[in-house]
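The next block holds one structure in the form of structure tokens; read it before the comments.
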Amino acid sequence: MKRFVFLIIAIVVAASTLDYVGSSGYYGLVVVGGIIAAFLLFEKAVS
């Protein structure tokens, strides 16, 4: 169950990061942070 929760959180973070990139005037550092957070959460979900 814990892995499933981490997977859902990783998907939400990735989706919100992609949505943020679609907006005008976004900050690159925020996008990089979102991608890194999504990768770390996904890694925690599969381990």
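Ligands are numbered from 1 in the order shown, residues from 1 within each chain, and chains are lettered A, B, ... in the order they appear in the structure tokens.
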
TODO: Excluding A:Ala45 and residues on its chain fewer than 5 positions from it, collect all residues at most 6 Å away from it, counting only C-alpha atoms, and give them as a list in words.
DONE: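 Here the qualifying residues turn out to be Arg3, Phe6 and Leu7 of chain A.
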
Task: 9 Å contact set for stretch 31-43 of chain A, only C-alpha atoms, chain neighbours under 2 positions out, as a PyMOL selection string - done: chain A and resi 3+6-14+16-18+20-21+26-29+45-47

Mind dumping the selected residues with C-alpha atoms as a PDB file, in the first residue's frame?
```
ATOM      1  CA  ARG A   3       4.411   1.830  -2.607  1.00  0.00           C
ATOM      2  CA  PHE A   6       4.310   6.897  -3.424  1.00  0.00           C
ATOM      3  CA  LEU A   7       3.499   5.987  -7.024  1.00  0.00           C
ATOM      4  CA  ILE A   8       0.335   8.106  -6.976  1.00  0.00           C
ATOM      5  CA  ILE A   9       2.229  11.043  -5.460  1.00  0.00           C
ATOM      6  CA  ALA A  10       4.958  10.705  -8.117  1.00  0.00           C
ATOM      7  CA  ILE A  11       2.348  10.744 -10.884  1.00  0.00           C
ATOM      8  CA  VAL A  12       0.669  13.827  -9.412  1.00  0.00           C
ATOM      9  CA  VAL A  13       4.003  15.660  -9.083  1.00  0.00           C
ATOM     10  CA  ALA A  14       4.962  14.784 -12.668  1.00  0.00           C
ATOM     11  CA  SER A  16       1.609  19.157 -12.129  1.00  0.00           C
ATOM     12  CA  THR A  17       5.170  19.835 -13.313  1.00  0.00           C
ATOM     13  CA  LEU A  18       4.154  19.246 -16.927  1.00  0.00           C
ATOM     14  CA  TYR A  20       3.361  24.201 -14.976  1.00  0.00           C
ATOM     15  CA  VAL A  21       5.698  24.005 -17.990  1.00  0.00           C
ATOM     16  CA  TYR A  26       7.675  29.509 -15.669  1.00  0.00           C
ATOM     17  CA  TYR A  27      10.923  29.166 -13.718  1.00  0.00           C
ATOM     18  CA  GLY A  28      13.324  26.511 -14.963  1.00  0.00           C
ATOM     19  CA  LEU A  29      14.584  25.708 -11.485  1.00  0.00           C
ATOM     20  CA  ALA A  45       7.772   3.425  -5.049  1.00  0.00           C
ATOM     21  CA  VAL A  46       9.541   0.675  -7.003  1.00  0.00           C
ATOM     22  CA  SER A  47      12.181  -0.197  -4.407  1.00  0.00           C
TER      23      SER A  47
END
```
